[in-house]
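Colleague: Sharing a structure with you now.
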Amino acid sequence: MSIRERMSGNEAVAYAIKQINPDVMPAFPITPSTEIPQMVSTYIANGEMDTEFIPVESEHSSMSATMGASAAGARALTATSSCGLAYMWELLYVAASDRLPLVLALVNRALTGPININCDHSDSMGARDSGWIQIYAENNQEAYDNFIQSFRISEHPDVMLPFMACQDGFITSHAVENIELIEDDKVKAFVGDYNPENYLLNADMPMAIGPYATSPFYMETKMNQRLAMKNAKKVILEVAEEFEKISGRKYGFFEEYKLEDAEIAIVIMGSAAGTTKDAIDALRDKGIKAGLLKIRVFRPFPGEEIAEALKNVKAVAILDRAESFSACGGPVGSEVKAALYDAKVGVTAVNYFYGIGGRDYTVESATSVFEDLMKIADGSMEPEQFKYVGLRK
Amino acid sequence: MKKNIEIRWHGRGGQGAKTAALLLADVAFNTGMHVQGFPEYGPERMGAPITAYNRIGDSPIRVHSNIYNPDYVVVVDETLLHSVDVTKGLSKDGAIVINTTKEKDEIIPLLNGYEGKVYIIDARKVSMATLGKYFPNSPMLAAIVKVAHIMDEEVFLSQMEASYQHKFAKKPEVIEGNMNALKMAFEEVK
């Protein structure tokens, strides 16, 4: 029997960390992820877990220490947001190329300018090409469930890549909602022990980690990273299938909501997906065939599968919660459109922006996007790219 | 599908409006409901206006936005009536509950023509009488539970007692005062 509880998204991740009881957690606080290391250190102080907690003086150090612990052979993780992730930047690439299976609890927050503490995806989207697996949560339940699956995916011998478990800052991290927790023993059995094949503290097999790679070797390391990312697709689905057996909750690369017979659809990630579902139900009551594709796994990017799922809709809006300032589309929009092109799916696609710097995305926001799509689908409106949803007049 | 109840709290930083919203989520959760409790975050500081929200109902809650058309509004600090449009979007089939020392006929003209029900309670009087200090959130919590019929009063009191026993495990002497504040608030809200 699962445990009925109520928790915020941060509490849910801290609880998952307690259940996993990793070896090492270095951390430096930053809003809105601060509560995660705070709660974990309380669990440790109360004797409920025995993780080695390392308070450090910056995020550069928290990521360095997490990588050091992971390279030594420990199961290690940390948490951060926004500028904290930016301060880890150079190390994100090193962690991925060193093939360190560590986990980062990322609570998405705008990357400042002007100063802002609220949610958007500009922090993790900036890191999308750093070689990390990225999985996004709609609510506290998914933040918890994704976290429990994280080490299994990351540590798989065919993967060995760092894992970013993302949730929306404040919107889910600080909202208390119902949640179904899984019993400690089931979580521990599911996650299992970490027995690395190669690690620095193995005196029988000395090794170097992170050496210089000259040009004749460098591209091959990148190709290996790409193969690992491709392997992650298979492993993510295998782990999800096993997770369903202990939780009853089904996960894939993305969730389709009333998409099967949909004529118009929104593609979105994170907490805005739930709000979009409420808009869809109201439209369906009026006979309008609206649907949703909620991307869960952004890295590796399930392009072929997304294109297949969208092939029968007449018009689709891909909503980005981060600017890329290419003036030619956002990160999710560009990749979904490229996937549609490669699969020769000729659906009319617009790419809008929403929720930047915490701008509220409401049921009405989603409905306004669907209203555009209805007009685009029946030919009464020319598709307009790169609109800002909810922009003040 | 039965519509969820939506509540918006207006208070000032440090008065416990956020805590009250989270406590309401807790107590509703404990009686088997689906809940959401969350504050609106920004550059907070003591005394600045803050907003917190609750959604409560029998079915799972998927929407993740602020609440613009609440069924109920709770005003923890009456000085906000001059600076914040507290009845904005409030359903006229719902109600507003205001912590004030004034009478209803003095308060109603401050509500921008709001046509729904208006309830008042002197949470300072309740708090001083039962706790000897000014903590408006317990009286306001009881007031909204009564006004919005969120649950049976007896169920609420027994749930809150359990919650206080947990929350105040290290200072049990304040539990009785808080319980009396809730009971007195039930009588005082009008």
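By convention in this document, the chains of the structure tokens carry letters A, B, ... by their order, each chain's residues are numbered from 1, and ligands are numbered from 1 in the order they are shown.
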Identify all residues of chain B in helix (DSSP H, G or I) (DSSP on the backbone) and supply them as a PDB file with C-alpha atoms, in the first residue's frame.
Modeller:
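Output contents, as saved in out11.pdb:
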```pdb
ATOM      1  CA  ALA B  17      -1.314  34.087   6.205  1.00  0.00           C
ATOM      2  CA  LYS B  18       0.906  31.619   4.338  1.00  0.00           C
ATOM      3  CA  THR B  19       1.053  29.362   7.406  1.00  0.00           C
ATOM      4  CA  ALA B  20      -2.732  29.561   7.734  1.00  0.00           C
ATOM      5  CA  ALA B  21      -3.173  28.544   4.077  1.00  0.00           C
ATOM      6  CA  LEU B  22      -0.818  25.591   4.587  1.00  0.00           C
ATOM      7  CA  LEU B  23      -2.618  24.613   7.834  1.00  0.00           C
ATOM      8  CA  LEU B  24      -5.946  24.712   6.017  1.00  0.00           C
ATOM      9  CA  ALA B  25      -4.486  22.464   3.311  1.00  0.00           C
ATOM     10  CA  ASP B  26      -3.242  20.127   6.061  1.00  0.00           C
ATOM     11  CA  VAL B  27      -6.503  19.840   7.905  1.00  0.00           C
ATOM     12  CA  ALA B  28      -8.511  19.379   4.682  1.00  0.00           C
ATOM     13  CA  PHE B  29      -6.018  16.721   3.557  1.00  0.00           C
ATOM     14  CA  ASN B  30      -6.459  14.935   6.890  1.00  0.00           C
ATOM     15  CA  GLU B  78      -7.808  45.333   7.579  1.00  0.00           C
ATOM     16  CA  THR B  79      -5.302  48.044   6.630  1.00  0.00           C
ATOM     17  CA  LEU B  80      -4.958  46.183   3.307  1.00  0.00           C
ATOM     18  CA  LEU B  81      -8.472  47.294   2.364  1.00  0.00           C
ATOM     19  CA  HIS B  82      -7.033  50.703   1.511  1.00  0.00           C
ATOM     20  CA  LYS B 104     -19.912  45.656   9.033  1.00  0.00           C
ATOM     21  CA  ASP B 105     -21.534  48.907   7.898  1.00  0.00           C
ATOM     22  CA  GLU B 106     -18.164  50.648   8.205  1.00  0.00           C
ATOM     23  CA  ILE B 107     -16.362  47.896   6.254  1.00  0.00           C
ATOM     24  CA  ILE B 108     -18.778  47.326   3.361  1.00  0.00           C
ATOM     25  CA  PRO B 109     -18.139  50.764   1.761  1.00  0.00           C
ATOM     26  CA  LEU B 110     -14.443  49.814   1.529  1.00  0.00           C
ATOM     27  CA  ALA B 123      -9.072  38.266  15.541  1.00  0.00           C
ATOM     28  CA  ARG B 124      -6.987  40.512  17.780  1.00  0.00           C
ATOM     29  CA  LYS B 125      -9.604  40.295  20.538  1.00  0.00           C
ATOM     30  CA  VAL B 126      -9.805  36.497  20.140  1.00  0.00           C
ATOM     31  CA  SER B 127      -6.044  36.096  20.091  1.00  0.00           C
ATOM     32  CA  MET B 128      -5.395  38.372  23.088  1.00  0.00           C
ATOM     33  CA  ALA B 129      -8.154  36.665  25.106  1.00  0.00           C
ATOM     34  CA  THR B 130      -6.927  33.142  24.422  1.00  0.00           C
ATOM     35  CA  LEU B 131      -3.186  33.432  23.757  1.00  0.00           C
ATOM     36  CA  ASN B 137      -3.935  33.147  11.823  1.00  0.00           C
ATOM     37  CA  SER B 138      -5.647  30.593  14.112  1.00  0.00           C
ATOM     38  CA  PRO B 139      -8.841  32.692  14.494  1.00  0.00           C
ATOM     39  CA  MET B 140      -8.912  33.450  10.750  1.00  0.00           C
ATOM     40  CA  LEU B 141      -8.459  29.765   9.930  1.00  0.00           C
ATOM     41  CA  ALA B 142     -11.463  28.820  12.088  1.00  0.00           C
ATOM     42  CA  ALA B 143     -13.469  31.689  10.584  1.00  0.00           C
ATOM     43  CA  ILE B 144     -12.958  30.564   6.968  1.00  0.00           C
ATOM     44  CA  VAL B 145     -13.655  26.912   7.833  1.00  0.00           C
ATOM     45  CA  LYS B 146     -17.002  28.017   9.292  1.00  0.00           C
ATOM     46  CA  VAL B 147     -17.906  30.519   6.557  1.00  0.00           C
ATOM     47  CA  GLU B 153     -16.665  22.150  13.201  1.00  0.00           C
ATOM     48  CA  GLU B 154     -16.106  19.169  15.516  1.00  0.00           C
ATOM     49  CA  VAL B 155     -14.014  17.377  12.884  1.00  0.00           C
ATOM     50  CA  PHE B 156     -11.998  20.548  12.352  1.00  0.00           C
ATOM     51  CA  LEU B 157     -11.317  20.963  16.080  1.00  0.00           C
ATOM     52  CA  SER B 158     -10.194  17.364  16.560  1.00  0.00           C
ATOM     53  CA  GLN B 159      -7.937  17.549  13.481  1.00  0.00           C
ATOM     54  CA  MET B 160      -6.440  20.831  14.660  1.00  0.00           C
ATOM     55  CA  GLU B 161      -5.769  19.447  18.113  1.00  0.00           C
ATOM     56  CA  ALA B 162      -3.788  16.599  16.577  1.00  0.00           C
ATOM     57  CA  SER B 163      -1.979  19.050  14.318  1.00  0.00           C
ATOM     58  CA  TYR B 164      -1.072  21.380  17.215  1.00  0.00           C
ATOM     59  CA  GLN B 165       0.119  18.435  19.309  1.00  0.00           C
ATOM     60  CA  HIS B 166       2.526  17.626  16.517  1.00  0.00           C
ATOM     61  CA  LYS B 167       3.498  21.220  15.746  1.00  0.00           C
ATOM     62  CA  GLU B 173       1.450  24.861  26.998  1.00  0.00           C
ATOM     63  CA  VAL B 174       0.317  26.813  23.905  1.00  0.00           C
ATOM     64  CA  ILE B 175      -1.999  24.064  22.568  1.00  0.00           C
ATOM     65  CA  GLU B 176      -4.912  24.872  24.866  1.00  0.00           C
ATOM     66  CA  GLY B 177      -4.732  28.593  24.038  1.00  0.00           C
ATOM     67  CA  ASN B 178      -4.765  27.883  20.299  1.00  0.00           C
ATOM     68  CA  MET B 179      -7.673  25.470  20.643  1.00  0.00           C
ATOM     69  CA  ASN B 180      -9.581  28.110  22.626  1.00  0.00           C
ATOM     70  CA  ALA B 181      -8.770  30.650  19.898  1.00  0.00           C
ATOM     71  CA  LEU B 182     -10.361  28.366  17.291  1.00  0.00           C
ATOM     72  CA  LYS B 183     -13.462  27.739  19.430  1.00  0.00           C
ATOM     73  CA  MET B 184     -13.881  31.426  20.283  1.00  0.00           C
ATOM     74  CA  ALA B 185     -13.439  32.372  16.608  1.00  0.00           C
ATOM     75  CA  PHE B 186     -16.345  30.079  15.672  1.00  0.00           C
ATOM     76  CA  GLU B 187     -18.523  32.139  18.042  1.00  0.00           C
ATOM     77  CA  GLU B 188     -17.131  35.534  17.118  1.00  0.00           C
TER      78      GLU B 188
END
```
Colleague: Just the residues within 12 Å of B:Thr51, please, counting only C-alpha atoms, with nothing from its chain fewer than 6 positions along; format it as a ChimeraX atom specification.
Modeller: /B:7-21,37-42,44,66-68,73-77,80,84-86
Colleague: Do you have, as a tab-separated table, the list of residues of chain B lying at most 6 Å from chain A, each with its nearest atom pair and that distance in Å to one decimal, counting only C-alpha atoms and ordered by chain then number?
Modeller:
```
residue	atom	partner	partner_atom	distance
B:Val35	CA	A:Glu177	CA	5.5
B:Gln36	CA	A:Glu177	CA	4.8
B:Gly37	CA	A:Val176	CA	5.1
B:Phe38	CA	A:Ala175	CA	4.6
B:Arg62	CA	A:Gly274	CA	4.5
B:Val63	CA	A:Thr275	CA	4.0
B:His64	CA	A:Thr275	CA	5.7
B:Ser65	CA	A:Thr362	CA	5.4
```
Colleague: For the strand (DSSP E) assignment from backbone DSSP, which residues of stretch 51-86 of chain B qualify? Please present them as number ranges by chain.
Modeller: B: 51-57, 72-75
Colleague: Write a file of the selected residues as a PDB file, in the first residue's frame, keeping C-alpha atoms.
Modeller:
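Produced file selection35.pdb, reproduced below:
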```pdb
ATOM      1  CA  THR B  51      -1.124  36.608  -1.061  1.00  0.00           C
ATOM      2  CA  ALA B  52      -1.626  32.896  -0.461  1.00  0.00           C
ATOM      3  CA  TYR B  53      -4.039  30.434  -2.013  1.00  0.00           C
ATOM      4  CA  ASN B  54      -5.963  27.220  -1.384  1.00  0.00           C
ATOM      5  CA  ARG B  55      -7.757  24.846  -3.682  1.00  0.00           C
ATOM      6  CA  ILE B  56      -9.747  22.177  -1.846  1.00  0.00           C
ATOM      7  CA  GLY B  57     -12.020  19.516  -3.269  1.00  0.00           C
ATOM      8  CA  TYR B  72     -13.780  33.049  -0.762  1.00  0.00           C
ATOM      9  CA  VAL B  73     -11.325  35.724   0.344  1.00  0.00           C
ATOM     10  CA  VAL B  74      -9.746  36.033   3.786  1.00  0.00           C
ATOM     11  CA  VAL B  75      -8.277  39.394   4.813  1.00  0.00           C
TER      12      VAL B  75
END
```
Colleague: Hey, what's within 9 Å of A:Ser62 if we count only C-alpha atoms and toss same-chain stuff fewer than 6 positions away? As a PyMOL selection string, please?
Modeller: chain A and resi 25-28+54-56+78-79+88
Colleague: Quick one: which stretch 41-104 of chain A residues come within 6 Å of stretch 140-164 of chain A, and what is the nearest atom pair for each with the distance in Å to one decimal, counting only C-alpha atoms, rows ordered by chain and ascending number, as CSV?
Modeller:
```
residue,atom,partner,partner_atom,distance
A:Ala96,CA,A:Leu161,CA,5.7
A:Arg99,CA,A:Leu161,CA,5.1
A:Leu100,CA,A:Leu161,CA,5.7
A:Pro101,CA,A:Pro162,CA,4.7
A:Leu102,CA,A:Pro162,CA,4.9
A:Val103,CA,A:Phe163,CA,4.7
A:Leu104,CA,A:Met164,CA,4.9
```
Colleague: Determine the nearest neighbour of B:Ser83 from the options B:Pro136, B:Pro49, B:Gly32, B:Pro172, counting only C-alpha atoms.
Modeller: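 The shortest atom-to-atom distance to B:Ser83 comes from B:Pro49.
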Colleague: Pick from A:Val187, A:Val13, A:Ile288, A:Ala72: nearest to A:Pro206, with only C-alpha atoms counted?
Modeller: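 Checking each candidate against A:Pro206, we get A:Ala72 as the closest.
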Colleague: Between atom CA of A:Gly333 and atom CA of A:Asn351, what is the distance in Å, rounded to a tenth?
Modeller: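 About the pair atom CA of A:Gly333 and atom CA of A:Asn351: they are 5.3 Å apart.
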